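Undergrad: To start, I am sharing the structure in question, which I have written as structure tokens.
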There are 2 protein chains.
Amino acid sequence: MKQEKMDSILDTARRMFGRYGMQKTSLHEIARMARVAKATIYNYFGSKDQVYLEVLNREVNDIIEKMSAIVDQEKAPAEKLRVFLHAKFRYMKDAINILNLGREGIDNLLPKAGSIRDRLFSKEVSILHSILEKGVAEGIFYVSNIMLTARAIGYALRGFETTWLLKENDSEIEKHLDNLSDILCKGILARRKAT
Amino acid sequence: MKQEKMDSILDTARRMFGRYGMQKTSLHEIARMARVAKATIYNYFGSKDQVYLEVLNREVNDIIEKMSAIVDQEKAPAEKLRVFLHAKFRYMKDAINILNLGREGIDNLLPKAGSIRDRLFSKEVSILHSILEKGVAEGIFYVSNIMLTARAIGYALRGFETTWLLKENDSEIEKHLDNLSDILCKGILARRKAT
DNA sequence: ATTAGACTATTATTGTTTTTTAGTCCAAAC
DNA sequence: GTTTGGACTAAAAAACAATAATAGTCTAAT
């Protein structure tokens with residue numbers, strides 16, 4: 001069982017799933033594109049669902065890694081928050097077919113997919129938490145309960161996902177995000193004169 | 001053109017649309033149930049779309065009125081916020097078929113439906129604004145920019161609509177709402193010790 | 001002004017046939 | 001002993017055709 005073949009399969013599957021979605025991609029195609037026998041895929045993964053779950057898992061890890069990296073690059077908490085928002089929606093839009101946000105009820109058929117996405121959500125909240133924490137420590141943010149606020153923002157963002165990613169175009173989303181970033185900051189930033 | 005007939009048509013249409021959705025209700029049925037000739041409906045409204053828009057418009061007015069009334073009944077801003085959230089989701093769930101939240105892309109075919117729903121959104125923001133304003137005036141809330149915060153909460157709620165109303169059951173939603181209410185208040189309430 | 005009903009052109013629905021695809025198996029090749 | 005190509009089956013999806021339902025119009029009667 002060579003890691004090389006395994007990666008080739010998963011990379012190919014990721015590309016195909018990303019382009020056509022899990023439903024519209026056949027294992028036969030994946031096998032052909034990955035230059036591997038279909039039987040090999042079944043040898044490794046046992047089922048198409050398992051291949052998908054593996055791809056989804058990797059994708060989520062990827063997104064988490066990239067988001068974390070981008071947030072780490074920034075110093076100022078407010079800026080961290082801003083780039084986090086942009087990164088999150090940017091990467092999620094890229095992976096929209098893999099994450100399967102378009103179709104409803106993939107989680108019904110594949111409960112494990114739901115728990116993988118939950119991992120992404122948890123990580124987002126944890127990133128938000130660390131941003132808020134840093135902001136409060138520096139006296140930039142005024143937040144009474146960091147954990148609750150992080151979860152609140154996380155929930156709100158989760159809501160936005162389906163609303164924004166599917167319908168609106170990129171520039172529209174960017175506008176919304178900057179707006180939201182402003183709102184969050186001006187709602188959170190300590191000691192500004194009330195309007 | 002008697003108002004009586006008009007109301008009968010719209011009331012019947014509202015009941016049918018609410019039960020089966022706009023798509024699954026035929027004008028023939030509406031006419032039969034409203035004890036009116038189909039031609040009369042076309043005389044009054046010109047098209048099925050127009051009937052739907054009229055019903056939607058009335059429904060939105062209804063929801064706005066009920067939400068406002070419930071919020072007005074409460075004294076404490078925090079309590080106003082809580083009952084507002086519950087009322088909003090309660091009434092929207094009741095009107096889920098009329099508002100056409102389930103199906104995607106009704107707004108694409110009927111742009112006017114979108115603008116009617118926008119009216120509902122604006123009103124929600126305006127209610128939130130007045131709640132926040134009162135809270136700040138009383139020193140209960142600490143909000144740096146009332147308008148921006150009201151819109152932020154409004155946006156978040158809009159995101160939750162599709163996420164919650166469609167999938168989750170009532171008691172689950174209630175739980176989420178109480179949670180959200182808590183989060184909002186503890187994030188907004190002035191001068192609590194940070195956790 | 002309103003009605004019942006006939007009428008048409010689209011649009012949904014239904015049922016049937018064909019094709020595709022997930023998954024298995026195996027004999028040959030590496 | 002792992003991998004491969006291909007043959008195979010059962011189930012799902014797509015394509016198609018036939019049928020029914022429906023939005024919208026028109027008319028003669030009330």
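Chain labels follow the order of the structure tokens: the first chain is A, the next B, and so on; residue numbering restarts at 1 in every chain, and ligands are counted from 1 in their shown order.
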Tell me as number ranges by chain which residues belonging to chain D come within 12 Å of chain B, counting only C-alpha atoms (C1' of nucleotides).

TA: D: 21-27

Undergrad: The selected residues should be written to file as an mmCIF file, in the first residue's frame (atoms: C-alpha atoms (C1' of nucleotides)).

TA:
```cif
data_model
loop_
_atom_site.group_PDB
_atom_site.id
_atom_site.type_symbol
_atom_site.label_atom_id
_atom_site.label_comp_id
_atom_site.auth_asym_id
_atom_site.auth_seq_id
_atom_site.Cartn_x
_atom_site.Cartn_y
_atom_site.Cartn_z
ATOM 1 C "C1'" DA D 21 -52.663 19.789 -14.673
ATOM 2 C "C1'" DT D 22 -52.568 24.500 -14.885
ATOM 3 C "C1'" DA D 23 -51.963 29.579 -16.082
ATOM 4 C "C1'" DG D 24 -54.132 32.546 -18.701
ATOM 5 C "C1'" DT D 25 -57.778 34.048 -22.458
ATOM 6 C "C1'" DC D 26 -62.254 34.499 -24.349
ATOM 7 C "C1'" DT D 27 -67.252 34.389 -24.659
#
```

Undergrad: In Å, how far is it from atom CA of B:Ala78 to atom CA of B:Glu138?

TA: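 Distance between the two atoms: 11.1 Å.
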
Undergrad: Based on the backbone DSSP call, show me all residues of stretch 7-187 of chain A assigned helix (DSSP H, G or I), as a PyMOL selection string.

TA: chain A and resi 7-20+27-33+38-45+48-73+77-94+96-99+106-109+111-137+146-167+170-187

Undergrad: Just the selected residues (C-alpha atoms), exported as a CSV table (one decimal), in the first residue's frame, please.

TA:
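Full text of out-v3.csv as output:
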```
chain,number,residue,atom,x,y,z
A,7,ASP,CA,-2.2,10.6,-2.5
A,8,SER,CA,-2.6,10.4,-6.2
A,9,ILE,CA,-6.1,9.1,-5.8
A,10,LEU,CA,-7.1,11.6,-3.1
A,11,ASP,CA,-5.6,14.5,-5.0
A,12,THR,CA,-7.5,13.5,-8.2
A,13,ALA,CA,-10.7,12.9,-6.3
A,14,ARG,CA,-10.3,16.3,-4.6
A,15,ARG,CA,-9.9,18.0,-8.0
A,16,MET,CA,-12.9,16.2,-9.5
A,17,PHE,CA,-15.1,16.6,-6.5
A,18,GLY,CA,-14.2,20.3,-6.3
A,19,ARG,CA,-15.1,20.8,-9.9
A,20,TYR,CA,-18.2,18.6,-10.4
A,27,LEU,CA,-15.1,6.4,-9.3
A,28,HIS,CA,-14.4,5.2,-12.8
A,29,GLU,CA,-13.3,8.7,-13.8
A,30,ILE,CA,-11.3,9.2,-10.7
A,31,ALA,CA,-9.5,5.9,-11.4
A,32,ARG,CA,-8.8,6.8,-15.0
A,33,MET,CA,-7.5,10.3,-14.1
A,38,LYS,CA,-10.8,1.0,-9.9
A,39,ALA,CA,-10.2,-2.1,-7.8
A,40,THR,CA,-7.3,-0.4,-6.2
A,41,ILE,CA,-9.5,2.4,-5.0
A,42,TYR,CA,-11.8,-0.1,-3.4
A,43,ASN,CA,-8.8,-1.9,-2.0
A,44,TYR,CA,-7.7,1.3,-0.3
A,45,PHE,CA,-11.0,2.9,0.7
A,48,LYS,CA,-16.9,6.0,-2.6
A,49,ASP,CA,-18.3,7.5,0.6
A,50,GLN,CA,-15.1,6.7,2.3
A,51,VAL,CA,-13.1,8.4,-0.5
A,52,TYR,CA,-15.2,11.5,-0.1
A,53,LEU,CA,-14.9,11.6,3.7
A,54,GLU,CA,-11.1,11.3,3.3
A,55,VAL,CA,-11.1,14.2,0.8
A,56,LEU,CA,-13.4,16.2,3.0
A,57,ASN,CA,-11.2,15.6,6.0
A,58,ARG,CA,-8.1,16.7,4.2
A,59,GLU,CA,-9.8,19.8,2.8
A,60,VAL,CA,-11.0,20.8,6.2
A,61,ASN,CA,-7.5,20.4,7.6
A,62,ASP,CA,-6.2,22.5,4.8
A,63,ILE,CA,-8.7,25.3,5.4
A,64,ILE,CA,-8.0,25.3,9.1
A,65,GLU,CA,-4.2,25.4,8.4
A,66,LYS,CA,-4.5,28.3,5.9
A,67,MET,CA,-6.9,30.3,8.1
A,68,SER,CA,-4.6,29.9,11.1
A,69,ALA,CA,-1.6,30.9,9.1
A,70,ILE,CA,-3.2,34.0,7.7
A,71,VAL,CA,-4.5,35.1,11.1
A,72,ASP,CA,-1.0,34.5,12.7
A,73,GLN,CA,0.6,36.8,10.1
A,77,PRO,CA,-6.5,41.9,16.7
A,78,ALA,CA,-8.9,44.0,14.6
A,79,GLU,CA,-6.8,43.2,11.5
A,80,LYS,CA,-6.7,39.5,12.5
A,81,LEU,CA,-10.5,39.5,12.6
A,82,ARG,CA,-10.7,41.1,9.2
A,83,VAL,CA,-8.4,38.8,7.4
A,84,PHE,CA,-10.0,35.8,9.2
A,85,LEU,CA,-13.4,36.7,7.8
A,86,HIS,CA,-12.0,37.1,4.3
A,87,ALA,CA,-9.9,34.0,4.5
A,88,LYS,CA,-12.8,31.9,5.8
A,89,PHE,CA,-15.2,32.8,3.1
A,90,ARG,CA,-12.5,32.8,0.4
A,91,TYR,CA,-11.4,29.2,1.2
A,92,MET,CA,-14.9,28.0,1.8
A,93,LYS,CA,-16.0,29.4,-1.6
A,94,ASP,CA,-13.2,27.5,-3.2
A,96,ILE,CA,-17.9,24.9,-1.9
A,97,ASN,CA,-18.4,21.7,-3.8
A,98,ILE,CA,-16.2,19.6,-1.6
A,99,LEU,CA,-17.9,20.9,1.6
A,106,ILE,CA,-25.8,15.3,2.3
A,107,ASP,CA,-25.3,15.1,6.1
A,108,ASN,CA,-28.5,13.1,6.4
A,109,LEU,CA,-27.0,10.4,4.2
A,111,PRO,CA,-23.6,11.7,9.2
A,112,LYS,CA,-19.8,11.5,9.3
A,113,ALA,CA,-19.5,14.4,6.9
A,114,GLY,CA,-21.4,16.5,9.4
A,115,SER,CA,-19.0,15.8,12.2
A,116,ILE,CA,-16.1,16.7,10.0
A,117,ARG,CA,-17.7,20.0,9.3
A,118,ASP,CA,-18.3,20.4,13.0
A,119,ARG,CA,-14.6,20.2,13.4
A,120,LEU,CA,-14.1,23.1,11.1
A,121,PHE,CA,-16.7,25.1,13.0
A,122,SER,CA,-15.1,24.3,16.4
A,123,LYS,CA,-11.7,25.5,15.0
A,124,GLU,CA,-13.2,28.7,13.7
A,125,VAL,CA,-14.7,29.4,17.1
A,126,SER,CA,-11.3,28.6,18.7
A,127,ILE,CA,-9.6,31.1,16.3
A,128,LEU,CA,-12.1,33.7,17.1
A,129,HIS,CA,-11.6,33.0,20.8
A,130,SER,CA,-7.9,33.6,20.5
A,131,ILE,CA,-8.4,36.8,18.5
A,132,LEU,CA,-10.8,38.2,21.0
A,133,GLU,CA,-8.6,37.1,23.9
A,134,LYS,CA,-5.6,38.9,22.5
A,135,GLY,CA,-7.7,42.0,21.8
A,136,VAL,CA,-9.0,42.1,25.3
A,137,ALA,CA,-5.6,41.6,26.7
A,146,ILE,CA,-15.1,35.9,25.3
A,147,MET,CA,-16.3,32.3,24.9
A,148,LEU,CA,-19.9,33.2,24.4
A,149,THR,CA,-19.0,36.0,22.0
A,150,ALA,CA,-16.8,33.8,19.9
A,151,ARG,CA,-19.5,31.3,19.6
A,152,ALA,CA,-22.1,33.9,18.8
A,153,ILE,CA,-19.9,35.2,15.9
A,154,GLY,CA,-19.2,31.7,14.8
A,155,TYR,CA,-22.9,30.9,14.7
A,156,ALA,CA,-23.6,34.1,12.8
A,157,LEU,CA,-20.9,33.3,10.2
A,158,ARG,CA,-22.3,29.8,9.8
A,159,GLY,CA,-25.6,31.3,9.0
A,160,PHE,CA,-24.1,33.6,6.5
A,161,GLU,CA,-22.4,30.7,4.7
A,162,THR,CA,-25.4,29.3,3.0
A,163,THR,CA,-26.9,32.7,2.5
A,164,TRP,CA,-23.8,34.3,0.8
A,165,LEU,CA,-21.7,31.6,-0.7
A,166,LEU,CA,-24.3,30.2,-2.9
A,167,LYS,CA,-26.0,33.3,-4.4
A,170,ASP,CA,-17.4,37.6,-5.0
A,171,SER,CA,-17.2,41.4,-4.9
A,172,GLU,CA,-20.6,41.5,-3.2
A,173,ILE,CA,-19.3,39.1,-0.6
A,174,GLU,CA,-16.2,41.2,-0.1
A,175,LYS,CA,-18.3,44.2,0.5
A,176,HIS,CA,-20.5,42.4,3.0
A,177,LEU,CA,-17.4,41.1,4.8
A,178,ASP,CA,-15.8,44.5,5.1
A,179,ASN,CA,-19.1,45.8,6.4
A,180,LEU,CA,-19.4,43.0,8.9
A,181,SER,CA,-15.8,43.4,10.0
A,182,ASP,CA,-16.5,47.1,10.7
A,183,ILE,CA,-19.7,46.3,12.5
A,184,LEU,CA,-18.0,43.7,14.7
A,185,CYS,CA,-15.1,46.0,15.5
A,186,LYS,CA,-17.1,49.1,16.2
A,187,GLY,CA,-19.4,47.0,18.3
```

Undergrad: With a cut-off of 12 Å and counting only C-alpha atoms (C1' of nucleotides), select all residues of chain C in contact with chain A and give the selection as number ranges by chain.

TA: C: 20-26

Undergrad: For a test of reading the model, state the distance in Å between atom CA of B:Tyr142 and atom CA of A:Asn145, rounded to one decimal.

TA: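 Distance between the two atoms: 13.7 Å.
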
Undergrad: Please compute the atom C1' of C:DT14-atom C1' of D:DA18 distance, one decimal, in Å.

TA: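 For atom C1' of C:DT14 relative to atom C1' of D:DA18, the distance reads 8.5 Å.
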
Undergrad: Can you tell me, as a PyMOL selection string, what residues are no more than 12 Å from D:DT19 when counting only C-alpha atoms (C1' of nucleotides), ignoring any on the same chain fewer than 4 positions away?

TA: chain C and resi 12-15

Undergrad: Can you list, as an MDAnalysis selection string, every protein, DNA or RNA residue that comes within 10 Å of C:DT17 when you count only C-alpha atoms (C1' of nucleotides), leaving out same-chain residues fewer than 3 positions away?

TA: chainID D and resid 15:17

Undergrad: Could you take the residues named above and write them with all heavy atoms, as a PDB file, in the first residue's frame?

TA:
```pdb
ATOM      1  P    DA D  15     -29.736  13.065 -19.481  1.00  0.00           P
ATOM      2  OP1  DA D  15     -28.669  13.478 -20.420  1.00  0.00           O
ATOM      3  OP2  DA D  15     -30.480  14.082 -18.701  1.00  0.00           O
ATOM      4  O5'  DA D  15     -30.772  12.158 -20.273  1.00  0.00           O
ATOM      5  C5'  DA D  15     -30.373  10.845 -20.659  1.00  0.00           C
ATOM      6  C4'  DA D  15     -31.367  10.331 -21.692  1.00  0.00           C
ATOM      7  O4'  DA D  15     -32.431   9.600 -21.027  1.00  0.00           O
ATOM      8  C3'  DA D  15     -32.061  11.424 -22.510  1.00  0.00           C
ATOM      9  O3'  DA D  15     -32.247  10.944 -23.841  1.00  0.00           O
ATOM     10  C2'  DA D  15     -33.374  11.643 -21.769  1.00  0.00           C
ATOM     11  C1'  DA D  15     -33.684  10.245 -21.221  1.00  0.00           C
ATOM     12  N9   DA D  15     -34.370  10.252 -19.934  1.00  0.00           N
ATOM     13  C8   DA D  15     -34.238  11.150 -18.913  1.00  0.00           C
ATOM     14  N7   DA D  15     -34.986  10.885 -17.869  1.00  0.00           N
ATOM     15  C5   DA D  15     -35.649   9.718 -18.219  1.00  0.00           C
ATOM     16  C6   DA D  15     -36.579   8.918 -17.547  1.00  0.00           C
ATOM     17  N6   DA D  15     -37.021   9.187 -16.315  1.00  0.00           N
ATOM     18  N1   DA D  15     -37.040   7.815 -18.185  1.00  0.00           N
ATOM     19  C2   DA D  15     -36.585   7.545 -19.428  1.00  0.00           C
ATOM     20  N3   DA D  15     -35.703   8.237 -20.163  1.00  0.00           N
ATOM     21  C4   DA D  15     -35.270   9.313 -19.496  1.00  0.00           C
ATOM     22  P    DC D  16     -32.894  11.858 -24.975  1.00  0.00           P
ATOM     23  OP1  DC D  16     -32.186  11.560 -26.236  1.00  0.00           O
ATOM     24  OP2  DC D  16     -32.965  13.236 -24.443  1.00  0.00           O
ATOM     25  O5'  DC D  16     -34.374  11.289 -25.110  1.00  0.00           O
ATOM     26  C5'  DC D  16     -34.595   9.877 -25.074  1.00  0.00           C
ATOM     27  C4'  DC D  16     -36.052   9.584 -24.813  1.00  0.00           C
ATOM     28  O4'  DC D  16     -36.318   9.648 -23.390  1.00  0.00           O
ATOM     29  C3'  DC D  16     -37.038  10.560 -25.452  1.00  0.00           C
ATOM     30  O3'  DC D  16     -37.653   9.932 -26.567  1.00  0.00           O
ATOM     31  C2'  DC D  16     -38.036  10.894 -24.331  1.00  0.00           C
ATOM     32  C1'  DC D  16     -37.707   9.881 -23.248  1.00  0.00           C
ATOM     33  N1   DC D  16     -37.959  10.336 -21.855  1.00  0.00           N
ATOM     34  C2   DC D  16     -38.774   9.557 -21.027  1.00  0.00           C
ATOM     35  O2   DC D  16     -39.262   8.517 -21.481  1.00  0.00           O
ATOM     36  N3   DC D  16     -39.012   9.977 -19.759  1.00  0.00           N
ATOM     37  C4   DC D  16     -38.476  11.114 -19.313  1.00  0.00           C
ATOM     38  N4   DC D  16     -38.736  11.472 -18.052  1.00  0.00           N
ATOM     39  C5   DC D  16     -37.643  11.920 -20.140  1.00  0.00           C
ATOM     40  C6   DC D  16     -37.419  11.506 -21.385  1.00  0.00           C
ATOM     41  P    DA D  17     -38.795  10.689 -27.381  1.00  0.00           P
ATOM     42  OP1  DA D  17     -38.713  10.238 -28.788  1.00  0.00           O
ATOM     43  OP2  DA D  17     -38.750  12.131 -27.048  1.00  0.00           O
ATOM     44  O5'  DA D  17     -40.095  10.052 -26.742  1.00  0.00           O
ATOM     45  C5'  DA D  17     -40.138   8.661 -26.444  1.00  0.00           C
ATOM     46  C4'  DA D  17     -41.508   8.333 -25.864  1.00  0.00           C
ATOM     47  O4'  DA D  17     -41.543   8.734 -24.466  1.00  0.00           O
ATOM     48  C3'  DA D  17     -42.662   9.065 -26.547  1.00  0.00           C
ATOM     49  O3'  DA D  17     -43.780   8.178 -26.633  1.00  0.00           O
ATOM     50  C2'  DA D  17     -42.933  10.243 -25.628  1.00  0.00           C
ATOM     51  C1'  DA D  17     -42.571   9.691 -24.256  1.00  0.00           C
ATOM     52  N9   DA D  17     -42.063  10.684 -23.311  1.00  0.00           N
ATOM     53  C8   DA D  17     -41.206  11.716 -23.568  1.00  0.00           C
ATOM     54  N7   DA D  17     -40.930  12.443 -22.517  1.00  0.00           N
ATOM     55  C5   DA D  17     -41.649  11.844 -21.498  1.00  0.00           C
ATOM     56  C6   DA D  17     -41.790  12.134 -20.123  1.00  0.00           C
ATOM     57  N6   DA D  17     -41.171  13.147 -19.526  1.00  0.00           N
ATOM     58  N1   DA D  17     -42.591  11.323 -19.380  1.00  0.00           N
ATOM     59  C2   DA D  17     -43.204  10.297 -19.990  1.00  0.00           C
ATOM     60  N3   DA D  17     -43.154   9.933 -21.280  1.00  0.00           N
ATOM     61  C4   DA D  17     -42.360  10.753 -21.972  1.00  0.00           C
TER      62       DA D  17
END
```
